[in-house]
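Data block for run.txt (compact mmCIF, C-alpha atoms (C1' of nucleotides)):
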```
# COMPACT_ATOMS: atom_id res chain seq x y z
CA MET F 1 0.00 0.00 0.00
CA SER F 2 1.67 3.15 -1.08
CA ARG F 3 1.22 6.45 0.58
CA TRP F 4 0.02 8.31 -2.50
CA GLU F 5 -2.07 7.64 -5.57
CA PRO F 6 0.18 6.34 -8.32
CA ASN F 7 1.22 8.14 -11.48
CA ALA F 8 1.23 11.70 -10.19
CA ARG F 9 3.00 12.85 -13.33
CA GLY F 10 0.41 11.33 -15.63
CA ARG F 11 -2.43 12.82 -13.61
CA LEU F 12 -0.84 16.25 -13.92
CA GLU F 13 -0.48 15.85 -17.67
CA GLN F 14 -4.09 14.86 -18.07
CA ALA F 15 -5.43 17.56 -15.76
CA ALA F 16 -3.40 20.18 -17.62
CA LEU F 17 -4.61 19.12 -21.06
CA GLU F 18 -8.21 19.13 -19.82
CA LEU F 19 -7.98 22.55 -18.24
CA TYR F 20 -6.06 24.10 -21.12
CA THR F 21 -8.79 22.80 -23.41
CA GLU F 22 -11.68 23.92 -21.22
CA ARG F 23 -10.53 27.43 -20.31
CA GLY F 24 -7.46 28.03 -22.40
CA TYR F 25 -3.82 28.02 -21.39
CA GLU F 26 -3.58 31.54 -19.99
CA GLN F 27 -6.78 31.30 -18.00
CA THR F 28 -5.52 28.20 -16.22
CA THR F 29 -3.30 28.50 -13.15
CA VAL F 30 -0.81 25.86 -12.10
CA ALA F 31 -2.56 25.66 -8.74
CA GLU F 32 -5.75 24.61 -10.52
CA ILE F 33 -3.97 21.90 -12.48
CA ALA F 34 -2.40 20.55 -9.31
CA LYS F 35 -5.70 20.62 -7.49
CA ARG F 36 -7.46 18.66 -10.20
CA ALA F 37 -4.67 16.10 -10.02
CA GLY F 38 -5.02 15.94 -6.22
CA LEU F 39 -1.63 17.54 -5.62
CA THR F 40 -0.15 20.91 -4.74
CA GLU F 41 1.39 23.55 -6.95
CA ARG F 42 4.83 22.83 -5.52
CA THR F 43 4.59 19.22 -6.61
CA PHE F 44 3.68 20.27 -10.14
CA PHE F 45 7.00 22.08 -10.37
CA ARG F 46 8.85 19.01 -9.11
CA HIS F 47 7.57 17.08 -12.10
CA PHE F 48 7.76 19.81 -14.76
CA PRO F 49 10.11 22.74 -14.95
CA ASP F 50 7.34 25.09 -16.07
CA LYS F 51 3.70 25.44 -17.00
CA ARG F 52 4.37 24.77 -20.71
CA GLU F 53 6.44 21.67 -20.40
CA VAL F 54 3.59 19.56 -19.07
CA LEU F 55 2.31 19.38 -22.66
CA PHE F 56 5.62 18.21 -24.07
CA ALA F 57 6.43 15.22 -21.92
CA GLY F 58 6.47 12.85 -24.90
CA SER F 59 8.85 14.87 -27.03
CA SER F 60 12.02 13.33 -25.65
CA SER F 61 10.91 9.81 -26.50
CA LEU F 62 9.97 11.04 -29.96
CA GLN F 63 13.45 12.46 -30.32
CA ASP F 64 14.93 9.16 -29.17
CA LEU F 65 12.94 7.36 -31.82
CA PHE F 66 14.21 9.71 -34.48
CA VAL F 67 17.81 9.31 -33.43
CA ARG F 68 17.59 5.55 -33.09
CA THR F 69 16.01 5.12 -36.50
CA VAL F 70 18.62 7.24 -38.20
CA SER F 71 21.41 5.39 -36.41
CA GLU F 72 20.06 2.06 -37.59
CA ALA F 73 19.72 3.04 -41.24
CA PRO F 74 22.02 1.07 -43.54
CA ASP F 75 25.42 2.64 -44.00
CA ALA F 76 24.83 2.95 -47.69
CA ALA F 77 21.69 5.08 -47.26
CA ALA F 78 21.99 8.70 -48.35
CA PRO F 79 21.50 11.21 -45.50
CA ILE F 80 18.13 12.30 -46.78
CA ASP F 81 16.93 8.70 -46.97
CA ALA F 82 18.15 7.85 -43.49
CA VAL F 83 16.27 10.81 -42.13
CA THR F 84 13.17 10.14 -44.17
CA GLY F 85 13.00 6.70 -42.60
CA ALA F 86 12.97 8.33 -39.18
CA LEU F 87 10.17 10.66 -40.22
CA GLU F 88 8.09 7.71 -41.29
CA ALA F 89 8.79 5.85 -38.07
CA ALA F 90 7.59 8.86 -36.13
CA ALA F 91 4.56 9.20 -38.35
CA ALA F 92 3.51 5.69 -37.38
CA GLN F 93 3.49 6.74 -33.72
CA PHE F 94 1.07 9.54 -34.44
CA GLN F 95 -1.18 7.81 -36.91
CA ASP F 96 -3.11 5.83 -34.26
CA ARG F 97 -3.52 8.58 -31.71
CA PHE F 98 -5.16 11.32 -33.71
CA ASP F 99 -7.64 12.14 -30.97
CA HIS F 100 -5.11 12.91 -28.30
CA VAL F 101 -2.61 14.46 -30.68
CA SER F 102 -5.11 16.83 -32.24
CA ARG F 103 -6.54 17.96 -28.91
CA ARG F 104 -3.06 18.75 -27.73
CA GLN F 105 -2.22 20.51 -30.97
CA ALA F 106 -5.32 22.69 -30.76
CA VAL F 107 -4.16 23.94 -27.37
CA ILE F 108 -0.66 24.66 -28.63
CA VAL F 109 -1.77 26.49 -31.76
CA ALA F 110 -4.03 28.74 -29.69
CA ASN F 111 -1.20 30.15 -27.60
CA ALA F 112 2.02 31.91 -28.58
CA GLU F 113 4.06 30.73 -25.60
CA LEU F 114 3.18 27.15 -26.38
CA ARG F 115 4.02 27.60 -30.05
CA GLU F 116 7.42 28.91 -28.99
CA ARG F 117 7.98 25.84 -26.90
CA GLU F 118 6.97 23.59 -29.74
CA LEU F 119 9.42 25.33 -32.04
CA ILE F 120 12.31 24.83 -29.68
CA LYS F 121 11.42 21.16 -29.37
CA LEU F 122 11.59 20.90 -33.14
CA ALA F 123 14.89 22.76 -33.12
CA SER F 124 16.20 20.33 -30.54
CA LEU F 125 15.06 17.49 -32.76
CA SER F 126 16.88 19.04 -35.67
CA GLY F 127 20.02 19.36 -33.58
CA ALA F 128 19.85 15.74 -32.49
CA LEU F 129 19.39 14.64 -36.10
CA THR F 130 22.33 16.75 -37.15
CA ASP F 131 24.55 15.13 -34.52
CA THR F 132 23.41 11.67 -35.48
CA LEU F 133 24.14 12.30 -39.13
CA ARG F 134 27.57 13.61 -38.25
CA ARG F 135 28.24 10.42 -36.33
CA ARG F 136 27.46 8.58 -39.55
CA GLY F 137 30.20 10.56 -41.21
CA VAL F 138 28.03 13.11 -42.98
CA GLY F 139 29.84 16.38 -43.59
CA GLU F 140 29.18 19.73 -41.99
CA PRO F 141 26.77 21.79 -43.98
CA THR F 142 25.07 18.66 -45.29
CA ALA F 143 24.17 17.21 -41.91
CA ARG F 144 22.62 20.41 -40.68
CA LEU F 145 20.68 21.15 -43.85
CA THR F 146 19.41 17.60 -44.13
CA ALA F 147 18.10 17.76 -40.58
CA GLU F 148 16.49 21.15 -41.15
CA ALA F 149 14.84 19.97 -44.33
CA ALA F 150 13.53 16.85 -42.64
CA VAL F 151 12.05 18.73 -39.73
CA ALA F 152 10.48 21.29 -42.05
CA VAL F 153 8.84 18.55 -44.06
CA PHE F 154 7.64 16.84 -40.92
CA LYS F 155 6.21 20.05 -39.56
CA VAL F 156 4.25 20.83 -42.71
CA ALA F 157 3.09 17.23 -43.12
CA PHE F 158 1.93 17.07 -39.53
CA GLU F 159 -0.07 20.30 -39.81
CA ARG F 160 -1.77 19.13 -42.97
CA TRP F 161 -2.57 15.77 -41.45
CA ILE F 162 -4.23 17.49 -38.50
CA GLU F 163 -6.15 19.86 -40.79
CA GLU F 164 -7.48 16.92 -42.74
CA GLY F 165 -8.87 15.40 -39.59
CA GLY F 166 -6.32 12.60 -39.33
CA GLU F 167 -7.86 10.68 -42.18
CA GLY F 168 -4.91 10.95 -44.55
CA ASP F 169 -1.81 8.82 -44.38
CA LEU F 170 0.90 10.79 -42.65
CA THR F 171 3.68 8.71 -44.15
CA HIS F 172 2.31 9.31 -47.61
CA LEU F 173 2.08 13.04 -46.96
CA ILE F 174 5.71 13.10 -45.89
CA ARG F 175 6.81 11.46 -49.11
CA GLU F 176 4.77 13.87 -51.20
CA LEU F 177 6.13 16.92 -49.44
CA LEU F 178 9.68 15.68 -49.72
CA ALA F 179 9.20 15.35 -53.46
CA GLU F 180 7.73 18.85 -53.51
CA LEU F 181 10.71 20.22 -51.62
CA LYS F 182 12.99 18.60 -54.13
CA ALA F 183 11.06 20.27 -56.94
CA VAL F 184 11.18 23.62 -55.17
CA THR F 185 14.94 23.64 -54.73
CA ALA F 186 15.67 22.14 -58.11
CA GLY F 187 15.18 25.48 -59.81
CA ALA F 188 17.68 27.35 -57.69
CA MET C 1 12.55 71.81 -24.51
CA SER C 2 10.76 68.56 -23.98
CA ARG C 3 9.87 67.14 -20.65
CA TRP C 4 11.81 63.90 -21.03
CA GLU C 5 15.03 62.74 -22.59
CA PRO C 6 14.32 61.67 -26.15
CA ASN C 7 14.32 58.12 -27.51
CA ALA C 8 13.23 56.26 -24.41
CA ARG C 9 12.71 53.13 -26.45
CA GLY C 10 16.21 53.18 -27.85
CA ARG C 11 17.71 53.78 -24.42
CA LEU C 12 15.82 50.78 -23.09
CA GLU C 13 17.10 48.62 -25.94
CA GLN C 14 20.67 49.65 -25.33
CA ALA C 15 20.48 49.29 -21.56
CA ALA C 16 18.98 45.82 -21.96
CA LEU C 17 21.65 44.62 -24.37
CA GLU C 18 24.36 45.95 -22.07
CA LEU C 19 22.96 44.34 -18.96
CA TYR C 20 22.14 41.05 -20.66
CA THR C 21 25.74 40.98 -21.84
CA GLU C 22 27.25 41.95 -18.50
CA ARG C 23 25.25 39.72 -16.16
CA GLY C 24 23.28 37.46 -18.41
CA TYR C 25 19.60 37.58 -19.26
CA GLU C 26 18.23 35.76 -16.23
CA GLN C 27 20.32 37.71 -13.75
CA THR C 28 18.98 40.99 -15.06
CA THR C 29 15.68 42.38 -13.80
CA VAL C 30 13.46 44.66 -15.81
CA ALA C 31 13.70 47.22 -13.02
CA GLU C 32 17.46 47.36 -13.54
CA ILE C 33 17.11 47.89 -17.27
CA ALA C 34 14.63 50.69 -16.70
CA LYS C 35 16.83 52.29 -14.10
CA ARG C 36 19.86 52.32 -16.40
CA ALA C 37 17.70 53.93 -19.07
CA GLY C 38 16.50 56.53 -16.55
CA LEU C 39 12.93 55.20 -16.54
CA THR C 40 10.70 53.00 -14.44
CA GLU C 41 9.78 49.37 -14.83
CA ARG C 42 6.24 50.29 -15.80
CA THR C 43 7.48 52.37 -18.69
CA PHE C 44 9.56 49.46 -19.96
CA PHE C 45 6.37 47.47 -20.32
CA ARG C 46 4.71 50.30 -22.20
CA HIS C 47 7.40 50.03 -24.88
CA PHE C 48 7.85 46.26 -24.94
CA PRO C 49 5.34 43.54 -24.17
CA ASP C 50 7.88 41.48 -22.27
CA LYS C 51 11.48 41.18 -21.15
CA ARG C 52 12.51 39.21 -24.26
CA GLU C 53 11.02 41.44 -26.89
CA VAL C 54 13.39 44.31 -26.19
CA LEU C 55 16.03 42.36 -28.11
CA PHE C 56 13.81 41.84 -31.15
CA ALA C 57 12.70 45.34 -31.97
CA GLY C 58 14.24 45.22 -35.44
CA SER C 59 12.65 41.98 -36.52
CA SER C 60 9.48 43.53 -37.89
CA SER C 61 11.39 45.79 -40.24
CA LEU C 62 13.45 42.82 -41.34
CA GLN C 63 10.24 40.99 -42.10
CA ASP C 64 8.95 43.97 -44.05
CA LEU C 65 12.12 43.96 -46.11
CA PHE C 66 11.69 40.27 -46.87
CA VAL C 67 8.09 40.69 -47.91
CA ARG C 68 8.76 43.78 -50.00
CA THR C 69 11.64 42.18 -51.84
CA VAL C 70 9.65 39.09 -52.68
CA SER C 71 6.72 41.19 -53.84
CA GLU C 72 8.93 43.15 -56.17
CA ALA C 73 10.57 40.15 -57.79
CA PRO C 74 9.76 39.79 -61.49
CA ASP C 75 6.64 37.79 -62.21
CA ALA C 76 8.66 35.29 -64.18
CA ALA C 77 10.94 34.48 -61.24
CA ALA C 78 10.54 31.00 -59.77
CA PRO C 79 9.42 31.00 -56.12
CA ILE C 80 12.81 29.89 -54.86
CA ASP C 81 14.52 32.66 -56.79
CA ALA C 82 12.15 35.33 -55.56
CA VAL C 83 12.80 34.26 -52.01
CA THR C 84 16.52 33.96 -52.48
CA GLY C 85 16.59 37.57 -53.58
CA ALA C 86 14.96 38.53 -50.30
CA LEU C 87 17.53 36.55 -48.34
CA GLU C 88 20.29 38.42 -50.07
CA ALA C 89 18.66 41.77 -49.43
CA ALA C 90 18.46 40.91 -45.75
CA ALA C 91 22.05 39.73 -45.75
CA ALA C 92 23.13 43.15 -46.91
CA GLN C 93 21.48 44.69 -43.85
CA PHE C 94 23.52 42.48 -41.54
CA GLN C 95 26.82 42.59 -43.32
CA ASP C 96 27.76 46.05 -42.06
CA ARG C 97 26.67 45.65 -38.50
CA PHE C 98 28.53 42.58 -37.38
CA ASP C 99 29.50 44.08 -34.04
CA HIS C 100 26.03 44.81 -32.83
CA VAL C 101 24.51 41.74 -34.43
CA SER C 102 27.01 39.33 -32.92
CA ARG C 103 26.76 40.82 -29.44
CA ARG C 104 23.01 40.44 -29.60
CA GLN C 105 23.30 36.91 -30.96
CA ALA C 106 25.64 35.87 -28.14
CA VAL C 107 23.02 36.90 -25.62
CA ILE C 108 20.28 35.02 -27.43
CA VAL C 109 22.25 31.82 -27.86
CA ALA C 110 23.07 31.78 -24.16
CA ASN C 111 19.45 31.62 -23.05
CA ALA C 112 16.68 29.17 -23.88
CA GLU C 113 13.82 31.65 -23.54
CA LEU C 114 15.51 33.99 -25.97
CA ARG C 115 16.18 31.18 -28.42
CA GLU C 116 12.48 30.34 -28.28
CA ARG C 117 11.61 33.91 -29.09
CA GLU C 118 14.04 33.95 -31.98
CA LEU C 119 12.52 30.80 -33.38
CA ILE C 120 9.02 32.22 -33.33
CA LYS C 121 10.28 35.32 -35.12
CA LEU C 122 11.72 33.10 -37.81
CA ALA C 123 8.45 31.19 -37.95
CA SER C 124 6.61 34.45 -38.36
CA LEU C 125 8.99 35.36 -41.15
CA SER C 126 8.30 32.05 -42.81
CA GLY C 127 4.57 32.65 -42.53
CA ALA C 128 4.87 36.11 -44.06
CA LEU C 129 6.92 34.73 -46.92
CA THR C 130 4.37 31.99 -47.48
CA ASP C 131 1.56 34.54 -47.71
CA THR C 132 3.54 36.72 -50.05
CA LEU C 133 4.28 33.81 -52.35
CA ARG C 134 0.62 32.84 -52.36
CA ARG C 135 -0.26 36.35 -53.40
CA ARG C 136 2.06 35.83 -56.34
CA GLY C 137 -0.04 32.83 -57.31
CA VAL C 138 2.22 30.13 -55.94
CA GLY C 139 0.33 26.98 -55.00
CA GLU C 140 -0.25 25.57 -51.57
CA PRO C 141 2.40 23.14 -50.55
CA THR C 142 4.95 24.93 -52.71
CA ALA C 143 4.60 28.32 -51.05
CA ARG C 144 5.00 26.94 -47.58
CA LEU C 145 7.92 24.66 -48.38
CA THR C 146 9.74 27.37 -50.29
CA ALA C 147 9.43 29.71 -47.34
CA GLU C 148 10.56 27.05 -44.88
CA ALA C 149 13.54 26.17 -47.02
CA ALA C 150 14.51 29.80 -47.39
CA VAL C 151 14.35 30.47 -43.68
CA ALA C 152 16.32 27.30 -42.92
CA VAL C 153 19.05 28.36 -45.31
CA PHE C 154 19.10 31.83 -43.86
CA LYS C 155 19.32 30.49 -40.32
CA VAL C 156 22.25 28.22 -41.08
CA ALA C 157 24.03 30.84 -43.15
CA PHE C 158 23.62 33.43 -40.43
CA GLU C 159 25.02 31.14 -37.75
CA ARG C 160 28.03 30.27 -39.86
CA TRP C 161 28.65 33.89 -40.66
CA ILE C 162 28.68 34.73 -36.95
CA GLU C 163 30.95 31.77 -36.18
CA GLU C 164 33.40 32.96 -38.77
CA GLY C 165 33.60 36.34 -37.10
CA GLY C 166 31.67 38.21 -39.75
CA GLU C 167 34.51 38.09 -42.20
CA GLY C 168 32.79 35.92 -44.78
CA ASP C 169 30.29 37.17 -47.30
CA LEU C 170 26.83 36.35 -46.04
CA THR C 171 25.28 36.54 -49.50
CA HIS C 172 27.82 34.10 -50.80
CA LEU C 173 27.17 31.73 -47.91
CA ILE C 174 23.47 31.79 -48.67
CA ARG C 175 24.06 30.83 -52.27
CA GLU C 176 26.36 27.98 -51.27
CA LEU C 177 23.95 26.59 -48.74
CA LEU C 178 21.09 26.79 -51.18
CA ALA C 179 23.09 24.73 -53.62
CA GLU C 180 23.87 22.30 -50.83
CA LEU C 181 20.19 21.98 -49.95
CA LYS C 182 19.45 21.25 -53.55
CA ALA C 183 22.06 18.50 -53.53
CA VAL C 184 20.68 17.08 -50.30
CA THR C 185 17.13 16.76 -51.54
CA ALA C 186 18.12 15.64 -55.00
CA GLY C 187 18.74 12.11 -53.80
CA ALA C 188 15.32 11.64 -52.26
C1' DC U 1 -5.85 81.15 -21.08
C1' DG U 2 -7.81 76.64 -20.51
C1' DA U 3 -8.75 71.93 -22.20
C1' DA U 4 -7.25 67.82 -24.26
C1' DC U 5 -3.18 64.96 -25.08
C1' DG U 6 0.65 61.94 -24.42
C1' DA U 7 4.53 60.04 -22.09
C1' DT U 8 5.70 58.98 -17.76
C1' DG U 9 5.39 57.80 -12.56
C1' DT U 10 3.14 55.40 -8.53
C1' DC U 11 1.02 51.68 -6.40
C1' DA U 12 -1.33 47.63 -5.60
C1' DG U 13 -2.22 43.49 -7.32
C1' DT U 14 -1.80 38.30 -9.66
C1' DG U 15 0.58 34.31 -10.83
C1' DA U 16 4.81 31.66 -12.28
C1' DC U 17 8.56 29.79 -10.21
C1' DT U 18 12.23 28.75 -6.23
C1' DG U 19 14.45 27.66 -1.75
C1' DT U 20 13.86 25.52 2.57
C1' DC U 21 12.16 22.78 5.99
C1' DA U 22 8.72 19.43 7.76
C1' DT U 23 6.09 15.09 7.19
C1' DC U 24 5.48 10.26 6.86
C1' DG U 25 4.98 5.67 4.58
C1' DA U 26 8.29 2.20 2.66
C1' DC U 27 12.19 -0.38 3.16
C1' DA U 28 16.81 -2.24 4.71
C1' DG U 29 19.75 -3.62 8.27
C1' DT U 30 20.23 -5.13 12.88
C1' DA J 1 10.06 -5.16 16.49
C1' DC J 2 13.56 -0.98 16.42
C1' DT J 3 15.69 2.38 13.95
C1' DG J 4 17.65 5.14 10.44
C1' DT J 5 17.58 6.42 5.60
C1' DC J 6 15.05 7.54 1.48
C1' DG J 7 11.72 9.49 -1.65
C1' DA J 8 7.57 11.84 -2.76
C1' DT J 9 4.90 15.21 -1.04
C1' DG J 10 3.11 19.45 1.67
C1' DA J 11 3.63 24.10 3.75
C1' DC J 12 5.28 28.58 3.46
C1' DA J 13 7.73 32.57 2.42
C1' DG J 14 9.97 35.05 -1.11
C1' DT J 15 11.33 37.12 -5.97
C1' DC J 16 10.12 38.88 -10.22
C1' DA J 17 7.52 39.31 -14.68
C1' DC J 18 3.60 41.51 -15.98
C1' DT J 19 -1.13 44.27 -15.56
C1' DG J 20 -4.72 47.66 -14.33
C1' DA J 21 -5.96 52.04 -12.41
C1' DC J 22 -5.07 56.53 -11.42
C1' DA J 23 -2.03 60.73 -10.84
C1' DT J 24 1.30 64.07 -12.87
C1' DC J 25 2.76 67.66 -15.85
C1' DG J 26 4.95 69.69 -20.14
C1' DT J 27 3.04 70.46 -24.84
C1' DT J 28 -0.20 71.86 -28.05
C1' DC J 29 -4.31 73.39 -29.99
C1' DG J 30 -8.47 76.15 -30.07
```
Final C-alpha cells representation of the file:
Amino acid sequence: MSRWEPNARGRLEQAALELYTERGYEQTTVAEIAKRAGLTERTFFRHFPDKREVLFAGSSSLQDLFVRTVSEAPDAAAPIDAVTGALEAAAAQFQDRFDHVSRRQAVIVANAELRERELIKLASLSGALTDTLRRRGVGEPTARLTAEAAVAVFKVAFERWIEEGGEGDLTHLIRELLAELKAVTAGA
Amino acid sequence: MSRWEPNARGRLEQAALELYTERGYEQTTVAEIAKRAGLTERTFFRHFPDKREVLFAGSSSLQDLFVRTVSEAPDAAAPIDAVTGALEAAAAQFQDRFDHVSRRQAVIVANAELRERELIKLASLSGALTDTLRRRGVGEPTARLTAEAAVAVFKVAFERWIEEGGEGDLTHLIRELLAELKAVTAGA
DNA sequence: CGAACGATGTCAGTGACTGTCATCGACAGT
DNA sequence: ACTGTCGATGACAGTCACTGACATCGTTCG
C-alpha cells in the first residue's frame, strides 16, 4: 500500500490538457492543475520545470525514436533517406492517436508561448538529427541542412494531417512533401 | 525643450543589451534595465510587451524587407529565386553591422527563452513569406515549403557567418547553402 | 488662457517559479 | 520489532515578470 495515488505525473499531464482545453492556457493556473490532479502547486514544479512543459512530456521519447532510427539506417543510405525513414517511423506513432494528438495541438496552436515551446522542441530534434548524421560521417553543412529539411517537411506534413482530420496517411504526406521540396529547390 | 530625454525606447534597448551581456539575461531584472535607461519598470512594459522582446525590436522591419523584396521580384521568377533575392537583401542589412549583431546573438544563444523567441520570429517570417508567395499565385504546398527552405538556409548561413567572425560574405554563404540543400534533396 | 493629449510615474495586485524545511509511509539492516 | 535512511509530497515565504488604475505635468491646440 503506497502512501500516494500512483502516477502523479500522468495525472498532472491529463489535468493540464483538460484545463487548457476547457478554459485556455492563460486562463488556467498551475494551482488549478495541481488541485485537479489531487496535488499541490509545488509538486507540479517538481515534475515539470514550467507550465508549458507539461504538454511536451512525450517529445524526448519522440526524439529518441528519431535518433535511433537514423542510427540504424544502412550505412549505404543517403542522408536524406536515413532521415526520411525516421520521419516515417515517427509518423507511425502519431497515426493511431489522432484524438489525443489533435486535442493537444489545438491547445498549442491557440497560444504563442506554447508555439514557442513547440518550435524549440523541433529545433532540438533538428540538432539531435544533425549530430546523429555527423556520427554517420556526414559532412558539416550537409548534416545540418538535411536535418532542417527533414524537420520542415515533418512540420508541414503534420499540420496538414491534423487539418485533414487525421484521415490521410501521414507517411504518404511526408513522401509527397519531400518530393515537392525537391522540386522547389531544383530550380535554384 | 521637452519634458523627457528623447528616444526612451532606444535607451531601453541599449540598456537591456548591455545588462544582458554583462550579467546574463536571467540575472537581469526589468527594473534594472529601466533604471539604467533613466525610466521606471512600468514604462519598460509600455514600450515592450515582455522582457525578451526588447532584443527583437528590429525583426518587424526585417520581415517587411523580406516581404517587400519578394513582392517586387519579377513575375517570371521562380518562387525559390524570388525568395533567395529577399535573403540576399536581408544579408546586406547584416553585413555592415557585425558588431552589434554578434553581441546580440551571443546573448540570445546563451538563453533558452531567448532562443524560443528567436525561433518564433523566424516562424513568423516564414509565414509572411508563405503569404507573399501565395499572393504571387504560388500553389499551396509549394509556397510553404519554399518559405521554410529559405528560412532554414538563412538560419544556417547566419550562424556560420557569426561563427566565422563576420569576415565571410553572407550573400555568398546563402548561395552555397542553397546549392547544398538542392544537392541534399536531389537524392530523395 | 484653458482643455485635451501623451509620455511617464506610482502603487497595488496576480501568478509563475524557487528555496527551505517538515512530514510520513516504505524499506533495509540489525 | 527498532531504527535510520530515502523518496515523494506538503507548507510557506519570497522574488520577479507583468497588468490595471489613477495621478502628474509639459506640450499643443483652439
- prompt: Using all atoms listed in the file, which residues sit within 12 Å of Arg160 in chain C once same-chain residues fewer than 3 positions away are excluded, as a list in words?
  reply: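 Counting only the stated atoms, we get Glu140, Pro141 and Arg144 of chain F; Ser102, Val153, Phe154, Lys155, Val156, Ala157, Glu163, Glu164, Gly165, Gly166, Glu167, Gly168, Asp169, Leu170, Thr171, His172, Leu173, Ile174, Glu176 and Leu177 of chain C.
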For the contact check between chain F and chain J, emit one row per residue of chain F within 10 Å, containing the shortest atom pair and the distance in Å rounded to one decimal, counting all atoms listed in the file, chain then rising number order, as JSON lines.
```
{"residue": "F:Arg3", "atom": "CA", "partner": "J:DA8", "partner_atom": "C1'", "distance": 9.0}
{"residue": "F:Trp4", "atom": "CA", "partner": "J:DA8", "partner_atom": "C1'", "distance": 8.3}
{"residue": "F:Ala8", "atom": "CA", "partner": "J:DA8", "partner_atom": "C1'", "distance": 9.8}
{"residue": "F:Leu39", "atom": "CA", "partner": "J:DT9", "partner_atom": "C1'", "distance": 8.3}
{"residue": "F:Thr40", "atom": "CA", "partner": "J:DG10", "partner_atom": "C1'", "distance": 7.3}
{"residue": "F:Glu41", "atom": "CA", "partner": "J:DG10", "partner_atom": "C1'", "distance": 9.7}
{"residue": "F:Arg42", "atom": "CA", "partner": "J:DG10", "partner_atom": "C1'", "distance": 8.1}
{"residue": "F:Thr43", "atom": "CA", "partner": "J:DT9", "partner_atom": "C1'", "distance": 6.9}
{"residue": "F:Arg46", "atom": "CA", "partner": "J:DA8", "partner_atom": "C1'", "distance": 9.7}
```
Give one line per residue of range 31-82 of chain F that approaches range 15-18 of chain U to at most 8 Å, naming the two atoms of the closest pair and their distance in Å to one decimal, counting only C-alpha atoms (C1' of nucleotides); sort by chain then ascending residue number and deliver it as a Markdown table.
```
| residue | atom | partner | partner_atom | distance |
| --- | --- | --- | --- | --- |
| F:Phe45 | CA | U:DC17 | C1' | 7.9 |
| F:Asp50 | CA | U:DC17 | C1' | 7.6 |
| F:Lys51 | CA | U:DA16 | C1' | 7.9 |
```
- request: Measuring atom to atom with all atoms listed in the file, identify which of C:Leu87, C:Pro79, C:Asp131, C:Asn111 is nearest to chain F.
  value: C:Pro79
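The chain C residues that come within 7 Å of chain F are Ile80, Asp81, Glu116, Arg117, Leu119, Ile120, Thr142, Leu145, Thr146, Glu148, Ala149, Ala152, Glu180, Leu181, Lys182, Val184, Thr185, Ala186 and Ala188 of chain C, with all atoms listed in the file taken into account.
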message: Need to verify the contact set: range 53-64 of chain C, 9 Å, all atoms listed in the file, exclusion of same-chain residues closer than 2 positions in sequence. Can you return it as a PyMOL selection string?
response: chain C and resi 9+12-13+16-17+44+47-51+66-69+90+93+104+108+114+117-118+121+124-125+128-129
Box along x, y and z, 4 Å on every side, all listed atoms of range 21-29 of chain C inside: centre and edge lengths in Å to one decimal, as lines of an AutoDock Vina configuration file.
```
center_x = 21.5
center_y = 39.1
center_z = -17.8
size_x = 19.6
size_y = 14.6
size_z = 16.1
```
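Non-sequential neighbours of Ala110 in chain F (distance at most 10 Å, separation of 4 or more positions within a chain, only C-alpha atoms (C1' of nucleotides)) are Tyr20, Thr21, Gly24, Tyr25, Gln105, Ala106, Leu114 and Arg115 of chain F.
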Against chain C, which residues of chain U fall within 9 Å? For each one I want the closest pair of atoms and the distance in Å (one decimal), counting all atoms listed in the file, rows by chain and increasing residue number, as CSV.
```
residue,atom,partner,partner_atom,distance
U:DA7,C1',C:Trp4,CA,8.3
U:DT8,C1',C:Thr43,CA,6.9
U:DG9,C1',C:Thr40,CA,7.4
```
